[in-house]
Amino acid sequence: MGGYQSTLGPVVWLAYGRQAFGKHGFDAACRRFIPGDVESELAGKHYIVTGANSGLGFEASKALLSRGASVAMVCRSEERGKAALAKLAEATGKPESFLSLHIVDMEDKDSVRSFAVSWLKSGRQVQALINNAGRIPGEERELAKDGSTESAFAIMANGTFLLTGLLRPAYVKGSRVVNVSSGGMYTCGLRADNFQLQKHYTPLLAYAHSKRAQVILSEQWAERLRKDGVVVSSMHPGWALTEGVRDQLDGFKAGGKLRSPAEGADTIVWLAAGTSSGDLEAVAGKFFLDREPAATHLSMAFTKEDEAARDALWEECIRVCEFDPDAAPGGSPKAGAAAAAGASSATSSDARA
Ligand SMILES: NC(=O)c1ccc[n+]([C@@H]2O[C@H](COP(=O)([O-])OP(=O)(O)OC[C@H]3O[C@@H](n4cnc5c(N)ncnc54)[C@H](OP(=O)(O)O)[C@@H]3O)[C@@H](O)[C@H]2O)c1
């Protein structure tokens, strides 16, 4: 069913990472950025950012707000979300009415559904959805609240799959979905016979595996949403010193000098806001580092999956999320998304709307 990894996987990842992912890599890459390339006028457009209260999500929200966008912050903690909302308004000088806070636990499918329902009911479009929420799980294998799946997989694979699909009726031609993955996925192939890691678990494996799944799901969603004119892509932020990296990886000392959170968020904003140099078709389905498409597998890592493994991932998301984007009444995925969203119970709340 496709490759897992060789013992060389982590070695080639670290060697590549030391050269390209830290501060040094960003400084070298930004010399080729085109000045003024990121769309600067986003007034009247709605952006949804998961995990917006901290790190890259906070910085991406700040950059979008400063360009005049409205930002819906999807956060799991009301307290941290409210504090971040006030900080964003202060930092950008924008009134708080440009921001809304939605309390959603991305590992809980009912919470994700409930948010999607409230969004669709509001009639607002989505210019871009940024699936940024993520974390390295604990030492012991943890399950999502409903017990259906391993926790990291629930947030980053299932949460990304479900929210992307349920919001489909709110996308317009030119909308974007940006999935924030990680170079950590280079260390690991898709485990199609063990998605939930029952047989072998470590926190870094669970993280890398769900990030690998997120990149494959991006490619799969890109194919499906292409006909709606919606562009889905994934990206790797490099190694940025965020709260998450400080707390969960002790600052990731092996990474050398790390990027700032704003530098880590640069390609998220570039993909989500739109560019003057970019061609939409060229971006769809691709995995980006520093505003350029990057390989999804490293040589000698032996991580490539086959078609059967990719199909199994899609099926696993359908099974866990109880949501099949293609099995809508009359073959209309839009109707399916709305129906699936409407079937949910309300377990998330909007702290400010
Ligand atoms: N920083 C890097 O070098 C780096 C490298 C590669 C990939 N990434 C990826 O970039 C993304 C952002 O990471 P970061 O470095 O900015 O870390 P961070 O500062 O820890 O931010 C992560 C955000 O995700 C939220 N989150 C986690 N679990 C959630 C859940 N179940 N439901 C809703 N929100 C949840 C966190 O909320 P709480 O505050 O409530 O925990 C926080 O807002 C992650 O997906 C991460 O894997 C980061």
# chains A, B, ... in the order shown; residues from 1 in each chain; ligands from 1

$ residues_near_ligand --ligand "ligand 1" --cutoff "7 Å" --atoms "only C-alpha atoms and all ligand atoms" --output "JSON list (two decimals) with N, CA and C atoms, in the first residue's frame"
[["chain", "number", "residue", "atom", "x", "y", "z"],
["A", 50, "THR", "N", -8.00, 28.96, 11.36],
["A", 50, "THR", "CA", -8.08, 28.09, 12.54],
["A", 50, "THR", "C", -6.77, 28.23, 13.33],
["A", 51, "GLY", "N", -6.90, 28.15, 14.65],
["A", 51, "GLY", "CA", -5.71, 28.34, 15.51],
["A", 51, "GLY", "C", -5.18, 29.76, 15.39],
["A", 52, "ALA", "N", -6.10, 30.75, 15.36],
["A", 52, "ALA", "CA", -5.70, 32.13, 15.09],
["A", 52, "ALA", "C", -5.17, 32.86, 16.32],
["A", 53, "ASN", "N", -5.26, 32.22, 17.49],
["A", 53, "ASN", "CA", -4.89, 32.95, 18.70],
["A", 53, "ASN", "C", -3.40, 32.97, 18.98],
["A", 54, "SER", "N", -2.63, 32.23, 18.17],
["A", 54, "SER", "CA", -1.23, 32.05, 18.55],
["A", 54, "SER", "C", -0.36, 31.87, 17.30],
["A", 55, "GLY", "N", 0.92, 32.14, 17.44],
["A", 55, "GLY", "CA", 1.92, 31.77, 16.43],
["A", 55, "GLY", "C", 1.58, 32.19, 15.00],
["A", 56, "LEU", "N", 1.64, 31.24, 14.09],
["A", 56, "LEU", "CA", 1.47, 31.53, 12.66],
["A", 56, "LEU", "C", 0.05, 31.99, 12.34],
["A", 57, "GLY", "N", -0.93, 31.40, 13.01],
["A", 57, "GLY", "CA", -2.32, 31.77, 12.76],
["A", 57, "GLY", "C", -2.56, 33.21, 13.16],
["A", 74, "VAL", "N", -10.89, 31.03, 14.49],
["A", 74, "VAL", "CA", -11.42, 29.76, 14.99],
["A", 74, "VAL", "C", -10.44, 29.24, 16.05],
["A", 75, "CYS", "N", -10.88, 29.30, 17.30],
["A", 75, "CYS", "CA", -9.97, 28.98, 18.41],
["A", 75, "CYS", "C", -10.67, 28.02, 19.37],
["A", 76, "ARG", "N", -9.90, 27.22, 20.08],
["A", 76, "ARG", "CA", -10.56, 26.28, 21.00],
["A", 76, "ARG", "C", -10.73, 26.86, 22.40],
["A", 77, "SER", "N", -9.97, 27.90, 22.72],
["A", 77, "SER", "CA", -10.11, 28.48, 24.06],
["A", 77, "SER", "C", -10.69, 29.88, 23.95],
["A", 80, "ARG", "N", -8.17, 32.50, 25.50],
["A", 80, "ARG", "CA", -7.03, 32.83, 24.63],
["A", 80, "ARG", "C", -7.50, 33.52, 23.35],
["A", 104, "VAL", "N", -14.17, 26.61, 18.62],
["A", 104, "VAL", "CA", -14.27, 25.33, 17.91],
["A", 104, "VAL", "C", -13.09, 24.46, 18.30],
["A", 105, "ASP", "N", -13.37, 23.22, 18.66],
["A", 105, "ASP", "CA", -12.28, 22.27, 18.86],
["A", 105, "ASP", "C", -12.15, 21.47, 17.57],
["A", 106, "MET", "N", -11.04, 21.66, 16.89],
["A", 106, "MET", "CA", -10.89, 21.05, 15.56],
["A", 106, "MET", "C", -10.77, 19.53, 15.61],
["A", 107, "GLU", "N", -10.59, 18.96, 16.80],
["A", 107, "GLU", "CA", -10.54, 17.49, 16.84],
["A", 107, "GLU", "C", -11.92, 16.90, 17.13],
["A", 132, "ASN", "N", -4.97, 25.96, 9.86],
["A", 132, "ASN", "CA", -3.66, 26.15, 10.49],
["A", 132, "ASN", "C", -3.54, 25.43, 11.83],
["A", 133, "ALA", "N", -4.67, 25.18, 12.50],
["A", 133, "ALA", "CA", -4.60, 24.60, 13.86],
["A", 133, "ALA", "C", -3.84, 23.28, 13.84],
["A", 134, "GLY", "N", -2.99, 23.11, 14.80],
["A", 134, "GLY", "CA", -2.24, 21.85, 14.86],
["A", 134, "GLY", "C", -1.38, 21.82, 16.11],
["A", 135, "ARG", "N", -0.97, 20.63, 16.46],
["A", 135, "ARG", "CA", -0.08, 20.49, 17.62],
["A", 135, "ARG", "C", 0.57, 19.12, 17.59],
["A", 155, "ILE", "N", -7.32, 16.30, 14.46],
["A", 155, "ILE", "CA", -7.23, 17.76, 14.23],
["A", 155, "ILE", "C", -6.79, 18.04, 12.79],
["A", 180, "VAL", "N", -1.94, 24.31, 6.37],
["A", 180, "VAL", "CA", -0.61, 24.51, 6.94],
["A", 180, "VAL", "C", -0.09, 23.16, 7.42],
["A", 181, "SER", "N", 0.78, 22.58, 6.61],
["A", 181, "SER", "CA", 1.35, 21.28, 6.95],
["A", 181, "SER", "C", 2.71, 21.51, 7.58],
["A", 182, "SER", "N", 3.63, 20.61, 7.34],
["A", 182, "SER", "CA", 4.95, 20.73, 7.97],
["A", 182, "SER", "C", 5.97, 19.92, 7.20],
["A", 183, "GLY", "N", 7.21, 20.39, 7.21],
["A", 183, "GLY", "CA", 8.29, 19.60, 6.63],
["A", 183, "GLY", "C", 8.50, 18.30, 7.40],
["A", 184, "GLY", "N", 7.94, 18.23, 8.61],
["A", 184, "GLY", "CA", 8.03, 16.98, 9.38],
["A", 184, "GLY", "C", 7.44, 15.81, 8.61],
["A", 236, "HIS", "N", 4.48, 24.55, 3.84],
["A", 236, "HIS", "CA", 5.34, 24.32, 4.99],
["A", 236, "HIS", "C", 5.88, 25.68, 5.43],
["A", 237, "PRO", "N", 5.65, 26.06, 6.68],
["A", 237, "PRO", "CA", 6.07, 27.41, 7.10],
["A", 237, "PRO", "C", 7.56, 27.55, 7.37],
["A", 238, "GLY", "N", 8.33, 26.48, 7.26],
["A", 238, "GLY", "CA", 9.71, 26.52, 7.74],
["A", 238, "GLY", "C", 9.69, 26.33, 9.25],
["A", 239, "TRP", "N", 10.80, 26.60, 9.89],
["A", 239, "TRP", "CA", 10.89, 26.44, 11.35],
["A", 239, "TRP", "C", 10.83, 27.82, 11.98],
["A", 240, "ALA", "N", 9.71, 28.12, 12.60],
["A", 240, "ALA", "CA", 9.50, 29.45, 13.18],
["A", 240, "ALA", "C", 9.33, 29.34, 14.69],
["A", 241, "LEU", "N", 9.90, 30.31, 15.38],
["A", 241, "LEU", "CA", 9.83, 30.26, 16.85],
["A", 241, "LEU", "C", 8.50, 30.82, 17.34],
["A", 242, "THR", "N", 7.52, 29.95, 17.40],
["A", 242, "THR", "CA", 6.18, 30.31, 17.87],
["A", 242, "THR", "C", 6.00, 29.76, 19.29],
["A", 243, "GLU", "N", 4.84, 30.07, 19.87],
["A", 243, "GLU", "CA", 4.54, 29.54, 21.21],
["A", 243, "GLU", "C", 4.59, 28.01, 21.17],
["A", 244, "GLY", "N", 4.03, 27.45, 20.09],
["A", 244, "GLY", "CA", 3.98, 25.99, 19.98],
["A", 244, "GLY", "C", 5.37, 25.37, 19.96],
["A", 245, "VAL", "N", 6.26, 25.96, 19.18],
["A", 245, "VAL", "CA", 7.62, 25.41, 19.06],
["A", 245, "VAL", "C", 8.37, 25.62, 20.38],
["A", 261, "PRO", "N", 7.70, 34.32, 13.72],
["A", 261, "PRO", "CA", 6.36, 33.84, 13.34],
["A", 261, "PRO", "C", 5.84, 34.53, 12.07],
["A", 264, "GLY", "N", 7.37, 32.85, 9.18],
["A", 264, "GLY", "CA", 6.74, 31.54, 8.98],
["A", 264, "GLY", "C", 5.38, 31.66, 8.32]]

$ residues_around --residues "Glu292 in chain A" --least-positions-apart "6" --cutoff "12 Å" --atoms "only C-alpha atoms" --output "mmCIF file with all heavy atoms, in the first residue's frame"
data_model
loop_
_atom_site.group_PDB
_atom_site.id
_atom_site.type_symbol
_atom_site.label_atom_id
_atom_site.label_comp_id
_atom_site.auth_asym_id
_atom_site.auth_seq_id
_atom_site.Cartn_x
_atom_site.Cartn_y
_atom_site.Cartn_z
ATOM 1 N N PHE A 26 14.937 31.374 5.029
ATOM 2 C CA PHE A 26 13.972 32.428 4.683
ATOM 3 C C PHE A 26 14.695 33.648 4.111
ATOM 4 O O PHE A 26 14.270 34.226 3.105
ATOM 5 C CB PHE A 26 13.139 32.835 5.909
ATOM 6 C CG PHE A 26 12.094 33.859 5.571
ATOM 7 C CD1 PHE A 26 10.903 33.477 4.965
ATOM 8 C CD2 PHE A 26 12.311 35.217 5.802
ATOM 9 C CE1 PHE A 26 9.938 34.419 4.608
ATOM 10 C CE2 PHE A 26 11.361 36.164 5.443
ATOM 11 C CZ PHE A 26 10.170 35.757 4.857
ATOM 12 N N ALA A 29 15.574 32.934 0.623
ATOM 13 C CA ALA A 29 14.398 32.839 -0.262
ATOM 14 C C ALA A 29 13.798 34.211 -0.539
ATOM 15 O O ALA A 29 13.376 34.500 -1.663
ATOM 16 C CB ALA A 29 13.355 31.927 0.361
ATOM 17 N N CYS A 30 13.765 35.079 0.467
ATOM 18 C CA CYS A 30 13.006 36.316 0.254
ATOM 19 C C CYS A 30 13.729 37.284 -0.679
ATOM 20 O O CYS A 30 13.110 38.210 -1.174
ATOM 21 C CB CYS A 30 12.525 36.944 1.549
ATOM 22 S SG CYS A 30 13.774 37.602 2.573
ATOM 23 N N ARG A 32 14.339 36.565 -3.619
ATOM 24 C CA ARG A 32 13.684 36.410 -4.927
ATOM 25 C C ARG A 32 12.188 36.755 -4.886
ATOM 26 O O ARG A 32 11.497 36.655 -5.884
ATOM 27 C CB ARG A 32 13.918 34.988 -5.486
ATOM 28 C CG ARG A 32 13.378 33.909 -4.611
ATOM 29 C CD ARG A 32 13.304 32.540 -5.224
ATOM 30 N NE ARG A 32 13.042 31.576 -4.188
ATOM 31 C CZ ARG A 32 11.896 31.441 -3.533
ATOM 32 N NH1 ARG A 32 10.869 32.204 -3.849
ATOM 33 N NH2 ARG A 32 11.762 30.541 -2.582
ATOM 34 N N PHE A 33 11.642 37.126 -3.722
ATOM 35 C CA PHE A 33 10.230 37.514 -3.663
ATOM 36 C C PHE A 33 10.023 38.771 -4.510
ATOM 37 O O PHE A 33 10.876 39.670 -4.529
ATOM 38 C CB PHE A 33 9.785 37.821 -2.222
ATOM 39 C CG PHE A 33 9.729 36.616 -1.304
ATOM 40 C CD1 PHE A 33 9.444 36.785 0.060
ATOM 41 C CD2 PHE A 33 9.959 35.319 -1.768
ATOM 42 C CE1 PHE A 33 9.388 35.691 0.910
ATOM 43 C CE2 PHE A 33 9.912 34.226 -0.916
ATOM 44 C CZ PHE A 33 9.632 34.413 0.432
ATOM 45 N N ILE A 34 8.879 38.849 -5.156
ATOM 46 C CA ILE A 34 8.589 40.025 -5.987
ATOM 47 C C ILE A 34 7.967 41.100 -5.097
ATOM 48 O O ILE A 34 6.953 40.839 -4.433
ATOM 49 C CB ILE A 34 7.614 39.640 -7.121
ATOM 50 C CG1 ILE A 34 8.274 38.568 -7.997
ATOM 51 C CG2 ILE A 34 7.182 40.839 -7.931
ATOM 52 C CD1 ILE A 34 7.307 37.875 -8.935
ATOM 53 N N SER A 233 -4.303 24.539 -1.684
ATOM 54 C CA SER A 233 -2.874 24.223 -1.678
ATOM 55 C C SER A 233 -2.429 23.988 -0.241
ATOM 56 O O SER A 233 -3.155 24.293 0.713
ATOM 57 C CB SER A 233 -2.066 25.341 -2.339
ATOM 58 O OG SER A 233 -2.618 26.583 -2.071
ATOM 59 N N SER A 234 -1.232 23.446 -0.110
ATOM 60 C CA SER A 234 -0.682 23.227 1.230
ATOM 61 C C SER A 234 0.685 23.885 1.285
ATOM 62 O O SER A 234 1.254 24.248 0.251
ATOM 63 C CB SER A 234 -0.576 21.731 1.523
ATOM 64 O OG SER A 234 0.244 21.100 0.573
ATOM 65 N N MET A 235 1.169 24.051 2.475
ATOM 66 C CA MET A 235 2.466 24.718 2.601
ATOM 67 C C MET A 235 3.200 24.269 3.848
ATOM 68 O O MET A 235 2.612 23.706 4.763
ATOM 69 C CB MET A 235 2.291 26.243 2.584
ATOM 70 C CG MET A 235 1.426 26.848 3.648
ATOM 71 S SD MET A 235 2.172 27.008 5.275
ATOM 72 C CE MET A 235 3.435 28.247 5.001
ATOM 73 N N HIS A 236 4.476 24.554 3.837
ATOM 74 C CA HIS A 236 5.342 24.317 4.992
ATOM 75 C C HIS A 236 5.880 25.680 5.429
ATOM 76 O O HIS A 236 6.473 26.392 4.614
ATOM 77 C CB HIS A 236 6.481 23.390 4.558
ATOM 78 C CG HIS A 236 7.574 23.256 5.554
ATOM 79 N ND1 HIS A 236 7.370 23.361 6.914
ATOM 80 C CD2 HIS A 236 8.891 23.013 5.403
ATOM 81 C CE1 HIS A 236 8.518 23.187 7.542
ATOM 82 N NE2 HIS A 236 9.462 22.983 6.643
ATOM 83 N N PRO A 237 5.651 26.061 6.681
ATOM 84 C CA PRO A 237 6.066 27.409 7.097
ATOM 85 C C PRO A 237 7.558 27.551 7.365
ATOM 86 O O PRO A 237 8.033 28.649 7.663
ATOM 87 C CB PRO A 237 5.279 27.618 8.397
ATOM 88 C CG PRO A 237 4.981 26.254 8.910
ATOM 89 C CD PRO A 237 4.919 25.335 7.715
ATOM 90 N N ASP A 266 4.488 33.969 6.191
ATOM 91 C CA ASP A 266 4.549 34.705 4.910
ATOM 92 C C ASP A 266 3.867 33.952 3.756
ATOM 93 O O ASP A 266 3.050 34.527 3.024
ATOM 94 C CB ASP A 266 6.020 34.999 4.553
ATOM 95 C CG ASP A 266 6.139 35.634 3.181
ATOM 96 O OD1 ASP A 266 5.924 36.846 3.071
ATOM 97 O OD2 ASP A 266 6.388 34.886 2.200
ATOM 98 N N THR A 267 4.195 32.685 3.596
ATOM 99 C CA THR A 267 3.625 31.946 2.447
ATOM 100 C C THR A 267 2.134 31.649 2.653
ATOM 101 O O THR A 267 1.382 31.544 1.681
ATOM 102 C CB THR A 267 4.456 30.666 2.179
ATOM 103 O OG1 THR A 267 5.778 31.081 1.816
ATOM 104 C CG2 THR A 267 3.888 29.821 1.052
ATOM 105 N N ILE A 268 1.707 31.561 3.906
ATOM 106 C CA ILE A 268 0.258 31.385 4.168
ATOM 107 C C ILE A 268 -0.480 32.600 3.597
ATOM 108 O O ILE A 268 -1.474 32.476 2.874
ATOM 109 C CB ILE A 268 -0.040 31.291 5.689
ATOM 110 C CG1 ILE A 268 0.746 30.173 6.360
ATOM 111 C CG2 ILE A 268 -1.535 31.157 5.932
ATOM 112 C CD1 ILE A 268 0.541 30.084 7.875
ATOM 113 N N TRP A 270 0.609 34.830 1.419
ATOM 114 C CA TRP A 270 0.823 34.905 -0.042
ATOM 115 C C TRP A 270 -0.194 34.014 -0.768
ATOM 116 O O TRP A 270 -0.798 34.415 -1.759
ATOM 117 C CB TRP A 270 2.265 34.478 -0.327
ATOM 118 C CG TRP A 270 2.688 34.517 -1.754
ATOM 119 C CD1 TRP A 270 3.069 35.624 -2.470
ATOM 120 C CD2 TRP A 270 2.821 33.395 -2.634
ATOM 121 N NE1 TRP A 270 3.420 35.248 -3.748
ATOM 122 C CE2 TRP A 270 3.285 33.891 -3.883
ATOM 123 C CE3 TRP A 270 2.603 32.029 -2.507
ATOM 124 C CZ2 TRP A 270 3.525 33.068 -4.980
ATOM 125 C CZ3 TRP A 270 2.842 31.211 -3.597
ATOM 126 C CH2 TRP A 270 3.296 31.725 -4.817
ATOM 127 N N LEU A 271 -0.400 32.811 -0.234
ATOM 128 C CA LEU A 271 -1.353 31.891 -0.873
ATOM 129 C C LEU A 271 -2.801 32.327 -0.657
ATOM 130 O O LEU A 271 -3.638 32.213 -1.553
ATOM 131 C CB LEU A 271 -1.169 30.473 -0.313
ATOM 132 C CG LEU A 271 0.059 29.698 -0.789
ATOM 133 C CD1 LEU A 271 0.279 28.458 0.090
ATOM 134 C CD2 LEU A 271 -0.079 29.284 -2.250
ATOM 135 N N SER A 277 1.667 37.989 -9.231
ATOM 136 C CA SER A 277 2.487 37.186 -10.150
ATOM 137 C C SER A 277 1.924 35.781 -10.351
ATOM 138 O O SER A 277 2.266 35.110 -11.302
ATOM 139 C CB SER A 277 3.902 37.060 -9.602
ATOM 140 O OG SER A 277 3.870 36.301 -8.412
ATOM 141 N N GLY A 278 1.087 35.352 -9.425
ATOM 142 C CA GLY A 278 0.680 33.945 -9.437
ATOM 143 C C GLY A 278 -0.462 33.642 -10.389
ATOM 144 O O GLY A 278 -1.310 34.482 -10.651
ATOM 145 N N ALA A 282 -1.741 27.249 -11.415
ATOM 146 C CA ALA A 282 -0.395 26.774 -11.098
ATOM 147 C C ALA A 282 -0.258 26.443 -9.610
ATOM 148 O O ALA A 282 0.612 25.679 -9.217
ATOM 149 C CB ALA A 282 0.627 27.822 -11.505
ATOM 150 N N VAL A 283 -1.113 27.028 -8.810
ATOM 151 C CA VAL A 283 -0.992 26.862 -7.357
ATOM 152 C C VAL A 283 -1.792 25.649 -6.860
ATOM 153 O O VAL A 283 -1.448 25.019 -5.871
ATOM 154 C CB VAL A 283 -1.481 28.161 -6.663
ATOM 155 C CG1 VAL A 283 -1.527 28.011 -5.172
ATOM 156 C CG2 VAL A 283 -0.584 29.325 -7.038
ATOM 157 N N LYS A 286 -0.664 22.145 -5.024
ATOM 158 C CA LYS A 286 0.785 22.069 -4.762
ATOM 159 C C LYS A 286 1.121 22.334 -3.294
ATOM 160 O O LYS A 286 0.330 22.882 -2.532
ATOM 161 C CB LYS A 286 1.520 23.070 -5.655
ATOM 162 C CG LYS A 286 1.344 22.769 -7.134
ATOM 163 C CD LYS A 286 2.610 23.054 -7.913
ATOM 164 C CE LYS A 286 2.546 22.436 -9.286
ATOM 165 N NZ LYS A 286 2.049 23.353 -10.302
#

$ residues_around --residues "Glu139 in chain A" --least-positions-apart "6" --cutoff "10 Å" --atoms "only C-alpha atoms" --output "NGL selection string"
:A and (201-204)

$ residues_around --residues "Gly17 in chain A" --least-positions-apart "2" --cutoff "12 Å" --atoms "only C-alpha atoms" --output "ChimeraX atom specification"
/A:9-15,19-26,182-187,236-240,252,254-258,289,298

$ closest_residue --among "A:Ser175, A:Gln125, A:Ser100, A:Gln196" --to "Asp228 in chain A" --atoms "only C-alpha atoms"
A:Ser175

$ select_by_dssp --residues "range 32-144 of chain A" --states "alpha helix (DSSP H)" --output "MDAnalysis selection string"
chainID A and resid 55:66 78:92 109:122

$ closest_residue --among "A:Leu42, A:Tyr207, A:Asp108, A:Cys321" --to "Gln248 in chain A" --atoms "only C-alpha atoms"
A:Tyr207

$ select_by_dssp --residues "range 190-333 of chain A" --states "strand (DSSP E or B)" --output "CSV table (one decimal) with C-alpha atoms, in the first residue's frame"
chain,number,residue,atom,x,y,z
A,231,VAL,CA,-7.8,26.7,-5.3
A,232,VAL,CA,-6.5,24.4,-2.6
A,233,SER,CA,-2.9,24.2,-1.7
A,234,SER,CA,-0.7,23.2,1.2
A,235,MET,CA,2.5,24.7,2.6
A,236,HIS,CA,5.3,24.3,5.0
A,240,ALA,CA,9.5,29.5,13.2
A,259,ARG,CA,12.3,32.2,11.6
A,275,THR,CA,-0.6,37.4,-5.7
A,287,PHE,CA,2.9,22.1,-1.6
A,288,PHE,CA,4.7,25.4,-1.0
A,289,LEU,CA,7.8,26.6,0.9
A,292,GLU,CA,7.6,28.3,-4.4
A,293,PRO,CA,6.3,24.7,-5.0
A,305,GLU,CA,2.3,6.2,-1.3
